[in-house]
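**Student:** Below you'll find work-v5.csv; it's CSV, C-alpha atoms and all ligand atoms.
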chain,number,residue,atom,x,y,z
A,1,MET,CA,66.0,-60.9,-39.4
A,2,ASN,CA,68.8,-61.6,-36.8
A,3,VAL,CA,69.2,-65.2,-38.1
A,4,VAL,CA,71.3,-67.1,-40.7
A,5,VAL,CA,70.7,-70.4,-42.4
A,6,ARG,CA,73.4,-72.9,-41.9
A,7,GLN,CA,74.2,-76.5,-42.4
A,8,ILE,CA,75.1,-78.6,-39.4
A,9,ILE,CA,76.2,-82.1,-38.9
A,10,ALA,CA,74.0,-83.8,-36.4
A,11,THR,CA,76.5,-86.1,-34.7
A,12,GLU,CA,73.9,-88.6,-33.5
A,13,GLN,CA,72.6,-89.0,-37.1
A,14,ALA,CA,76.0,-89.5,-38.7
A,15,ASN,CA,74.9,-92.7,-40.4
A,16,SER,CA,71.5,-91.5,-41.8
A,17,SER,CA,71.4,-87.9,-43.0
A,18,PRO,CA,74.4,-86.2,-41.4
A,19,ARG,CA,73.6,-82.7,-42.8
A,20,LYS,CA,70.7,-80.7,-41.9
A,21,VAL,CA,69.9,-77.0,-42.6
A,22,VAL,CA,69.0,-75.0,-39.6
A,23,LEU,CA,68.5,-71.4,-38.4
A,24,ILE,CA,71.3,-69.9,-36.3
A,25,ALA,CA,71.0,-66.8,-34.1
A,26,SER,CA,73.2,-64.0,-35.4
A,27,LYS,CA,73.2,-62.1,-32.1
A,28,ASP,CA,72.5,-62.7,-28.4
A,29,PHE,CA,68.8,-62.6,-27.2
A,30,GLN,CA,67.3,-62.4,-23.8
A,31,HIS,CA,64.6,-64.6,-22.5
A,32,GLY,CA,61.3,-63.4,-24.0
A,33,GLU,CA,62.9,-61.2,-26.6
A,34,GLU,CA,61.4,-61.1,-30.1
A,35,ILE,CA,63.9,-62.4,-32.7
A,36,TYR,CA,62.0,-61.5,-35.8
A,37,LYS,CA,58.6,-61.4,-37.4
A,38,GLU,CA,57.4,-62.4,-40.8
A,39,HIS,CA,54.2,-62.6,-42.9
A,40,PRO,CA,53.3,-65.9,-44.5
A,41,VAL,CA,53.9,-66.5,-48.2
A,42,ILE,CA,50.6,-68.3,-48.4
A,43,ALA,CA,48.0,-69.0,-45.7
A,44,GLN,CA,44.7,-70.9,-45.5
A,45,LEU,CA,42.0,-70.8,-42.8
A,46,ASP,CA,40.8,-74.2,-41.8
A,47,ILE,CA,38.0,-75.1,-44.2
A,48,ASP,CA,35.3,-75.3,-41.5
A,49,LEU,CA,35.9,-71.6,-40.8
A,50,GLU,CA,35.5,-70.5,-44.4
A,51,GLY,CA,32.0,-69.3,-44.9
A,52,THR,CA,31.5,-68.4,-41.2
A,53,ALA,CA,32.9,-64.8,-41.3
A,54,GLN,CA,34.7,-65.4,-38.0
A,55,TYR,CA,38.2,-64.6,-39.3
A,56,CYS,CA,39.6,-62.7,-42.2
A,57,SER,CA,40.5,-65.3,-44.9
A,58,HIS,CA,43.7,-63.4,-45.7
A,59,CYS,CA,45.2,-62.2,-42.4
A,60,PHE,CA,43.2,-64.3,-40.0
A,61,ARG,CA,42.1,-61.3,-37.9
A,62,ALA,CA,39.0,-62.0,-35.9
A,63,LEU,CA,36.0,-60.3,-37.6
A,64,GLN,CA,33.3,-58.3,-35.9
A,65,SER,CA,29.9,-59.4,-36.9
A,66,GLY,CA,28.3,-57.3,-39.6
A,67,LYS,CA,31.6,-55.5,-40.3
A,68,SER,CA,33.3,-58.0,-42.6
A,69,ILE,CA,33.5,-57.9,-46.4
A,70,THR,CA,31.9,-61.1,-47.9
A,71,PRO,CA,32.1,-61.1,-51.7
A,72,PRO,CA,28.8,-62.7,-52.8
A,73,GLU,CA,30.4,-64.4,-55.8
A,74,ASP,CA,33.1,-66.2,-53.8
A,75,LEU,CA,32.4,-69.9,-53.8
A,76,LEU,CA,34.5,-70.6,-50.8
A,77,GLY,CA,32.6,-68.1,-48.7
A,78,SER,CA,35.7,-66.1,-47.8
A,79,ALA,CA,35.4,-63.0,-45.7
A,80,TYR,CA,37.8,-60.1,-45.2
A,81,CYS,CA,38.6,-57.5,-42.5
A,82,SER,CA,39.3,-54.8,-45.1
A,83,THR,CA,39.2,-54.0,-48.8
A,84,GLU,CA,43.0,-54.1,-48.6
A,85,CYS,CA,43.0,-57.8,-47.5
A,86,GLN,CA,40.4,-58.6,-50.1
A,87,MET,CA,42.4,-57.0,-52.9
A,88,ILE,CA,45.6,-58.7,-52.0
A,89,SER,CA,43.9,-62.1,-51.6
A,90,ASP,CA,42.1,-61.7,-55.0
A,91,THR,CA,45.3,-60.7,-56.7
A,92,GLN,CA,47.4,-63.4,-55.2
A,93,SER,CA,45.1,-66.4,-55.6
A,94,GLN,CA,41.5,-66.1,-54.7
A,95,ASN,CA,40.3,-64.7,-58.0
A,96,LEU,CA,42.1,-67.3,-60.0
A,97,LEU,CA,40.8,-70.2,-57.8
A,98,PHE,CA,37.3,-69.1,-56.8
A,99,GLY,CA,36.5,-65.9,-58.6
A,100,ARG,CA,35.1,-65.1,-62.0
A,101,GLY,CA,35.8,-62.9,-64.9
A,102,PRO,CA,39.2,-62.2,-66.5
A,103,LEU,CA,42.4,-62.2,-64.4
A,104,VAL,CA,43.8,-59.3,-66.4
A,105,PRO,CA,42.6,-57.5,-69.5
A,106,ASN,CA,42.3,-60.1,-72.3
A,107,GLU,CA,44.9,-58.5,-74.6
A,108,ALA,CA,47.6,-58.7,-72.0
A,109,VAL,CA,47.8,-62.5,-71.6
A,110,THR,CA,48.0,-64.8,-74.5
A,111,GLY,CA,46.5,-68.2,-73.5
A,112,GLN,CA,43.9,-66.6,-71.4
A,113,LEU,CA,40.6,-68.2,-72.4
A,114,GLU,CA,37.9,-66.2,-74.1
A,115,ARG,CA,35.2,-65.4,-71.6
A,116,THR,CA,32.1,-66.7,-73.2
A,117,GLU,CA,29.2,-67.2,-70.9
A,118,ALA,CA,29.4,-71.0,-71.5
A,119,ALA,CA,33.2,-71.0,-70.7
A,120,GLU,CA,32.5,-69.0,-67.5
A,121,ALA,CA,29.8,-71.3,-66.4
A,122,GLU,CA,32.1,-74.3,-67.0
A,123,ARG,CA,34.8,-72.7,-65.0
A,124,ARG,CA,32.3,-72.0,-62.1
A,125,ALA,CA,31.3,-75.7,-62.2
A,126,TYR,CA,34.9,-76.8,-61.8
A,127,GLN,CA,35.5,-74.3,-59.0
A,128,GLN,CA,32.3,-75.6,-57.3
A,129,ALA,CA,33.4,-79.2,-57.5
A,130,PHE,CA,36.8,-78.2,-55.9
A,131,VAL,CA,35.0,-76.4,-53.1
A,132,ASP,CA,32.6,-79.3,-52.5
A,133,PHE,CA,35.6,-81.6,-52.2
A,134,LEU,CA,37.4,-79.3,-49.8
A,135,LYS,CA,34.3,-78.9,-47.6
A,136,ALA,CA,33.7,-82.7,-47.6
A,137,CYS,CA,37.2,-83.8,-46.6
A,138,GLY,CA,38.4,-80.7,-44.6
A,139,TRP,CA,41.8,-80.8,-46.2
A,140,THR,CA,43.8,-77.7,-46.9
A,141,GLN,CA,47.1,-78.8,-48.2
A,142,VAL,CA,45.8,-79.1,-51.7
A,143,LEU,CA,44.5,-75.5,-51.4
A,144,LEU,CA,47.8,-74.3,-50.1
A,145,VAL,CA,49.5,-75.8,-53.2
A,146,GLY,CA,46.8,-74.1,-55.4
A,147,ARG,CA,47.5,-70.8,-53.7
A,148,PHE,CA,51.2,-71.2,-54.1
A,149,CYS,CA,50.9,-71.9,-57.8
A,150,ALA,CA,48.4,-69.0,-58.2
A,151,ARG,CA,50.8,-66.7,-56.5
A,152,HIS,CA,53.5,-67.7,-58.9
A,153,VAL,CA,51.2,-66.7,-61.7
A,154,SER,CA,50.1,-63.5,-60.0
A,155,GLU,CA,53.7,-62.3,-59.8
A,156,GLU,CA,53.7,-62.5,-63.6
A,157,VAL,CA,50.3,-60.9,-64.0
A,158,LYS,CA,51.4,-58.1,-61.7
A,159,LYS,CA,54.0,-57.1,-64.3
A,160,LEU,CA,51.2,-56.7,-66.8
A,161,ALA,CA,48.6,-55.0,-64.5
A,162,PRO,CA,50.5,-53.4,-61.6
A,163,LEU,CA,48.8,-53.1,-58.2
A,164,PRO,CA,48.1,-49.8,-56.6
A,165,ALA,CA,51.3,-48.5,-54.9
A,166,SER,CA,49.6,-48.8,-51.4
A,167,LEU,CA,49.3,-52.6,-51.8
A,168,VAL,CA,52.7,-53.3,-53.4
A,169,GLU,CA,54.7,-53.6,-50.2
A,170,ARG,CA,52.2,-55.8,-48.3
A,171,SER,CA,51.7,-58.1,-51.2
A,172,ALA,CA,55.4,-58.4,-52.2
A,173,LEU,CA,57.0,-61.7,-52.3
A,174,PRO,CA,59.6,-62.1,-49.6
A,175,GLU,CA,62.6,-62.1,-51.9
A,176,PRO,CA,66.2,-61.9,-50.6
A,177,ILE,CA,67.4,-58.4,-49.9
A,178,THR,CA,69.7,-58.6,-52.9
A,179,PRO,CA,67.6,-60.6,-55.4
A,180,SER,CA,69.7,-62.6,-57.8
A,181,PRO,CA,68.4,-63.7,-61.2
A,182,GLU,CA,69.8,-67.2,-60.5
A,183,TYR,CA,68.2,-67.6,-57.1
A,184,THR,CA,64.6,-66.8,-56.9
A,185,PHE,CA,62.0,-67.4,-54.2
A,186,TYR,CA,60.9,-70.5,-56.0
A,187,ASP,CA,64.4,-72.0,-55.9
A,188,HIS,CA,64.3,-71.2,-52.2
A,189,VAL,CA,61.1,-73.2,-51.7
A,190,GLU,CA,62.6,-76.1,-53.7
A,191,ARG,CA,65.3,-76.3,-51.1
A,192,LEU,CA,62.9,-76.9,-48.2
A,193,LYS,CA,62.6,-80.3,-46.6
A,194,PHE,CA,59.7,-82.3,-47.8
A,195,LEU,CA,57.8,-85.5,-47.2
A,196,GLU,CA,57.4,-88.1,-50.0
A,197,ILE,CA,53.7,-88.0,-51.0
A,198,GLN,CA,52.2,-91.2,-52.4
A,199,PRO,CA,49.8,-90.7,-55.4
A,200,THR,CA,46.9,-92.5,-53.7
A,201,GLU,CA,43.4,-92.4,-55.2
A,202,MET,CA,42.4,-89.4,-53.0
A,203,VAL,CA,45.6,-87.5,-53.8
A,204,MET,CA,45.0,-88.1,-57.5
A,205,LEU,CA,41.4,-86.9,-57.1
A,206,GLU,CA,42.4,-83.6,-55.2
A,207,HIS,CA,45.1,-83.1,-57.8
A,208,ASN,CA,42.7,-83.5,-60.7
A,209,LEU,CA,40.2,-81.1,-59.1
A,210,LEU,CA,42.8,-78.4,-58.6
A,211,GLN,CA,44.3,-78.9,-62.1
A,212,ASP,CA,40.8,-78.5,-63.7
A,213,VAL,CA,40.3,-75.2,-61.8
A,214,LEU,CA,43.6,-73.8,-63.0
A,215,LYS,CA,43.2,-75.0,-66.5
A,216,LYS,CA,39.8,-73.3,-66.8
A,217,ALA,CA,41.2,-70.0,-65.5
A,218,VAL,CA,44.2,-69.8,-67.8
A,219,ALA,CA,44.9,-72.2,-70.6
A,220,GLY,CA,48.2,-74.0,-70.0
A,221,LEU,CA,48.2,-73.3,-66.3
A,222,GLU,CA,47.6,-77.0,-65.6
A,223,GLU,CA,51.2,-77.6,-66.3
A,224,VAL,CA,52.4,-75.8,-63.2
A,225,VAL,CA,50.6,-78.6,-61.2
A,226,GLU,CA,51.6,-81.5,-63.4
A,227,ILE,CA,51.5,-84.5,-61.1
A,228,ASN,CA,55.1,-84.7,-60.1
A,229,LYS,CA,55.3,-81.0,-59.4
A,230,TYR,CA,52.1,-81.3,-57.4
A,231,LEU,CA,53.4,-84.2,-55.3
A,232,ALA,CA,56.7,-82.3,-54.6
A,233,MET,CA,55.0,-79.1,-53.6
A,234,LYS,CA,52.4,-80.9,-51.5
A,235,GLY,CA,55.4,-82.7,-49.7
A,236,ARG,CA,56.9,-79.3,-48.9
A,237,ILE,CA,53.6,-77.9,-47.6
A,238,ALA,CA,53.1,-81.0,-45.5
A,239,TYR,CA,56.6,-80.7,-43.9
A,240,ASN,CA,56.8,-77.0,-43.4
A,241,SER,CA,53.4,-75.5,-42.9
A,242,ILE,CA,52.8,-73.9,-39.5
A,243,GLY,CA,49.6,-73.9,-37.5
A,244,VAL,CA,48.2,-70.5,-36.6
A,245,ALA,CA,46.4,-70.2,-33.2
A,246,PHE,CA,45.7,-67.4,-30.9
A,247,ASP,CA,45.8,-67.6,-27.1
A,248,GLY,CA,46.3,-71.4,-26.9
A,249,GLY,CA,43.9,-72.2,-29.8
A,250,ARG,CA,40.3,-73.1,-30.2
A,251,ASP,CA,38.2,-76.0,-28.8
A,252,ASP,CA,35.7,-76.5,-31.5
A,253,ARG,CA,37.8,-77.9,-34.3
A,254,ALA,CA,36.3,-81.1,-35.6
A,255,ASP,CA,38.4,-84.3,-35.6
A,256,PRO,CA,40.0,-85.0,-38.9
A,257,LYS,CA,38.1,-87.5,-41.1
A,258,GLY,CA,39.5,-90.7,-42.4
A,259,ARG,CA,42.4,-92.9,-41.3
A,260,VAL,CA,45.1,-91.3,-39.2
A,261,GLU,CA,47.6,-91.8,-42.1
A,262,THR,CA,45.6,-89.2,-44.1
A,263,TRP,CA,45.5,-86.6,-41.4
A,264,GLU,CA,47.1,-83.3,-42.2
A,265,TRP,CA,49.6,-82.0,-39.6
A,266,SER,CA,51.0,-78.5,-39.1
A,267,ARG,CA,53.7,-77.4,-36.9
A,268,THR,CA,52.2,-75.9,-33.7
A,269,PRO,CA,53.0,-76.5,-30.1
A,270,VAL,CA,49.3,-76.1,-29.2
A,271,GLY,CA,48.4,-79.0,-31.5
A,272,THR,CA,47.0,-79.0,-35.0
A,273,GLU,CA,43.6,-79.8,-33.4
A,274,ARG,CA,43.5,-76.3,-31.9
A,275,GLN,CA,44.6,-74.2,-34.8
A,276,ILE,CA,42.5,-71.9,-37.0
A,277,GLY,CA,44.6,-72.2,-40.1
A,278,SER,CA,47.9,-73.1,-41.7
A,279,ALA,CA,50.6,-71.0,-43.4
A,280,LEU,CA,53.9,-71.3,-45.1
A,281,TYR,CA,56.7,-69.0,-44.0
A,282,ARG,CA,59.9,-68.3,-45.8
A,283,VAL,CA,62.4,-68.2,-42.9
A,284,SER,CA,60.6,-70.1,-40.2
A,285,SER,CA,60.4,-73.2,-42.4
A,286,TYR,CA,64.1,-73.7,-41.4
A,287,LEU,CA,63.3,-74.1,-37.7
A,288,THR,CA,64.0,-77.6,-36.7
A,289,HIS,CA,62.1,-79.5,-34.0
A,290,SER,CA,63.1,-79.9,-30.4
A,291,CYS,CA,61.1,-81.2,-27.4
A,292,SER,CA,63.0,-78.6,-25.4
A,293,PRO,CA,62.7,-75.7,-27.9
A,294,SER,CA,64.8,-72.5,-27.7
A,295,VAL,CA,62.1,-70.4,-29.4
A,296,ARG,CA,58.3,-70.2,-29.7
A,297,LEU,CA,55.9,-68.8,-32.2
A,298,CYS,CA,53.5,-66.1,-31.2
A,299,PHE,CA,50.5,-64.8,-33.2
A,300,LYS,CA,49.2,-61.4,-32.1
A,301,GLY,CA,45.7,-61.5,-33.6
A,302,THR,CA,46.9,-62.1,-37.2
A,303,ASN,CA,48.9,-64.7,-39.1
A,304,GLU,CA,52.0,-62.6,-38.9
A,305,LEU,CA,54.5,-64.8,-37.0
A,306,HIS,CA,56.6,-63.4,-34.2
A,307,LEU,CA,59.5,-65.6,-33.1
A,308,ILE,CA,60.2,-65.3,-29.4
A,309,ALA,CA,63.2,-66.6,-27.4
A,310,ASN,CA,62.1,-69.2,-24.8
A,311,ARG,CA,65.3,-68.5,-22.8
A,312,ALA,CA,68.6,-66.6,-23.2
A,313,ILE,CA,70.1,-67.4,-26.6
A,314,SER,CA,73.7,-66.8,-27.6
A,315,LYS,CA,74.9,-65.7,-31.0
A,316,GLY,CA,75.7,-68.8,-33.0
A,317,GLU,CA,73.1,-71.0,-31.3
A,318,HIS,CA,70.8,-73.3,-33.4
A,319,LEU,CA,67.2,-72.2,-33.0
A,320,THR,CA,64.5,-74.9,-32.4
A,321,MET,CA,60.8,-74.8,-32.1
A,322,SER,CA,58.3,-77.5,-31.1
A,323,TYR,CA,56.4,-79.0,-34.0
A,324,THR,CA,53.8,-80.5,-31.7
A,325,SER,CA,52.5,-80.2,-28.2
A,326,ILE,CA,55.2,-81.3,-25.7
A,327,GLU,CA,53.4,-80.8,-22.4
A,328,ALA,CA,51.9,-83.7,-20.5
A,329,LYS,CA,48.1,-83.4,-20.4
A,330,ASN,CA,45.8,-84.0,-17.4
A,331,GLY,CA,48.3,-85.7,-15.1
A,332,GLU,CA,49.8,-87.8,-17.9
A,333,ALA,CA,53.1,-89.4,-16.9
A,334,PRO,CA,56.1,-87.7,-18.6
A,335,GLU,CA,57.1,-91.0,-20.2
A,336,VAL,CA,53.6,-91.3,-21.7
A,337,ALA,CA,53.7,-87.7,-23.0
A,338,ARG,CA,57.1,-88.4,-24.5
A,339,ARG,CA,55.8,-91.5,-26.3
A,340,GLN,CA,52.7,-89.6,-27.6
A,341,ARG,CA,54.7,-86.7,-29.0
A,342,ARG,CA,57.2,-89.1,-30.6
A,343,ILE,CA,54.2,-90.9,-32.3
A,344,ARG,CA,52.9,-87.5,-33.6
A,345,LEU,CA,56.3,-86.5,-34.9
A,346,ALA,CA,56.7,-89.9,-36.7
A,347,ARG,CA,53.2,-89.5,-38.2
A,348,GLY,CA,53.4,-85.9,-39.1
A,349,TRP,CA,57.0,-85.5,-40.1
A,350,ARG,CA,58.3,-89.0,-40.3
A,351,PHE,CA,61.3,-88.7,-38.0
A,352,ALA,CA,62.3,-90.3,-34.7
A,353,CYS,CA,63.1,-87.3,-32.6
A,354,GLU,CA,66.9,-87.0,-31.9
A,355,CYS,CA,66.6,-83.7,-29.9
A,356,GLU,CA,68.7,-83.0,-26.8
A,357,ALA,CA,65.7,-83.7,-24.6
A,358,CYS,CA,65.2,-87.1,-26.2
A,359,THR,CA,68.9,-88.2,-26.5
A,360,GLY,CA,71.0,-85.8,-24.4
A,361,LYS,CA,73.4,-85.2,-27.3
A,362,LYS,CA,74.3,-81.9,-29.0
A,363,SER,CA,74.5,-81.0,-32.7
A,364,GLU,CA,77.7,-79.5,-34.2
A,365,VAL,CA,77.7,-76.5,-36.5
A,366,VAL,CA,80.0,-77.0,-39.5
A,367,GLY,CA,79.4,-74.1,-41.9
A,368,THR,CA,77.2,-71.4,-43.4
A,369,MET,CA,75.0,-72.1,-46.4
A,370,THR,CA,74.3,-69.1,-48.5
A,371,ALA,CA,72.3,-68.7,-51.8
A,372,PRO,CA,75.4,-69.4,-54.1
A,373,ASP,CA,76.2,-72.5,-52.0
A,374,VAL,CA,72.6,-73.6,-52.5
A,375,ILE,CA,73.1,-73.5,-56.3
A,376,LEU,CA,76.4,-75.3,-56.2
A,377,GLU,CA,75.1,-77.9,-53.9
A,378,LYS,CA,72.0,-78.8,-55.9
A,379,GLY,CA,71.7,-82.5,-55.8
A,380,VAL,CA,73.9,-83.0,-52.7
B,1,ZN,ZN,42.5,-59.1,-43.0
B,2,ZN,ZN,62.6,-84.9,-28.8
Show the structure stored in the file as structure tokens.
**Tutor:**
Amino acid sequence: MNVVVRQIIATEQANSSPRKVVLIASKDFQHGEEIYKEHPVIAQLDIDLEGTAQYCSHCFRALQSGKSITPPEDLLGSAYCSTECQMISDTQSQNLLFGRGPLVPNEAVTGQLERTEAAEAERRAYQQAFVDFLKACGWTQVLLVGRFCARHVSEEVKKLAPLPASLVERSALPEPITPSPEYTFYDHVERLKFLEIQPTEMVMLEHNLLQDVLKKAVAGLEEVVEINKYLAMKGRIAYNSIGVAFDGGRDDRADPKGRVETWEWSRTPVGTERQIGSALYRVSSYLTHSCSPSVRLCFKGTNELHLIANRAISKGEHLTMSYTSIEAKNGEAPEVARRQRRIRLARGWRFACECEACTGKKSEVVGTMTAPDVILEKGV
């Protein structure tokens, strides 16, 4: 993908957390050149768009009215641009979270609950309670955690009930080119930066609702979202999810409900308030923030992310994106815009920006971090 993951020592942060993991260009790029593209690992449309059939719930493609696929039994009201998107979504997480019927033939999975009518009705009731909660609060991080866990399960299920060959490539997990048994995709996600999530009353409520849905789908599955695992995964989603927007974003996104401390933020230079959905990407999670970013994200009608050079980039340079809008709005003084964006960064990602634009200091590259290093350095 033309990039490598490295550890750097940020000189201005020598006293706090001197090491950080960043993406480094592995060749030169011209201004405007595409560096790489990648599909999300998990993605979620904003909740107010589910049930409206405006965008494909899987790939986020805009839907033409009357031409979308809207499965009637889907409690979330998801719509798809194609049977391919529907099948991949069902297999990865939708069926487990919001569908009905067995996930795989009963004999294939021990622990799968027997599908009596009563059990099925109970499962639907838990799914409905989860959907009602999501629609009421508008949050999606809990659903991204749910989709991540479901995807984990679906990888196992796929071994028992393989997908049609045509879907295998598009639905494959983005594993390293040479997968190693010691370093899986899930270890990789564990290495991502995260926010500490406090188990507030609302967080416990969303957790219980998700856990009930998983438990009613497959007995024992609730353990994958045991509370500490849940908080850790939600913290990773909160820090790393990227806002998807086309052409500068939309104008009709409702303001988040509740206190500002409970708002969900995603990385997007157009502002979370203009996105249509959020997604977690394997490589782009390593992009650090700068108020004078070297790269930008571009979405060409789907949630496939294209990374574009904002200027000429030399081999070895540390790539940075903007996690929030950095432009002054409506004649705002640059100093006011700077203060506003620093407030958003502190709220959304809990750091005081130390970028070159804010401090005038450069970071120093000290070494490469590869998968074996990651294992050795666990706990560092
Ligand atoms: Zn689609
Ligand atoms: Zn800055």
**Student:** Please, which residues are within 9 Å of (43.1, -63.6, -49.6) by the file's coordinates, counting only C-alpha atoms, and could they come as a PyMOL selection string?
**Tutor:** chain A and resi 42-44+56-59+78-80+85-95
**Student:** So how far away is CA of Arg61 in chain A from atom ZN of ligand ZN 1 (chain B), in Å?
**Tutor:**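 A separation of 5.6 Å between them.
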**Student:** Find the residues around Val225 in chain A up to 9 Å (only C-alpha atoms counted), leave out those fewer than 3 positions away in its own chain, and share them as a short mmCIF file (atom, residue, chain, number, x, y, z; two decimals) with C-alpha atoms, in the frame of the given file.
**Tutor:**
data_model
loop_
_atom_site.label_atom_id
_atom_site.label_comp_id
_atom_site.auth_asym_id
_atom_site.auth_seq_id
_atom_site.Cartn_x
_atom_site.Cartn_y
_atom_site.Cartn_z
CA VAL A 145 49.50 -75.80 -53.20
CA GLY A 146 46.80 -74.10 -55.40
CA CYS A 149 50.90 -71.90 -57.80
CA HIS A 207 45.10 -83.10 -57.80
CA LEU A 210 42.80 -78.40 -58.60
CA GLN A 211 44.30 -78.90 -62.10
CA LEU A 214 43.60 -73.80 -63.00
CA LEU A 221 48.20 -73.30 -66.30
CA GLU A 222 47.60 -77.00 -65.60
CA ASN A 228 55.10 -84.70 -60.10
CA LYS A 229 55.30 -81.00 -59.40
CA TYR A 230 52.10 -81.30 -57.40
CA LEU A 231 53.40 -84.20 -55.30
CA MET A 233 55.00 -79.10 -53.60
#
**Student:** Kindly indicate which residue among A:Ser68, A:Gln30, A:Gln340, A:Thr324 lies nearest to ligand ZN 1 (chain B), using only C-alpha atoms and all ligand atoms for the distances.
**Tutor:** A:Ser68
**Student:** Could you name the residues that touch Gln128 in chain A at 12 Å or less, counting all atoms listed in the file, but leaving out those on the same chain fewer than 2 positions away, as a ChimeraX atom specification?
**Tutor:** /A:73-77,97-100,121-126,130-135,209-210,212-213
**Student:** Calculated over only C-alpha atoms and all ligand atoms, which of the candidates A:Asp247, A:Glu206, A:Glu332, A:Glu327 has the smallest distance to ligand ZN 2 (chain B)?
**Tutor:** A:Glu327
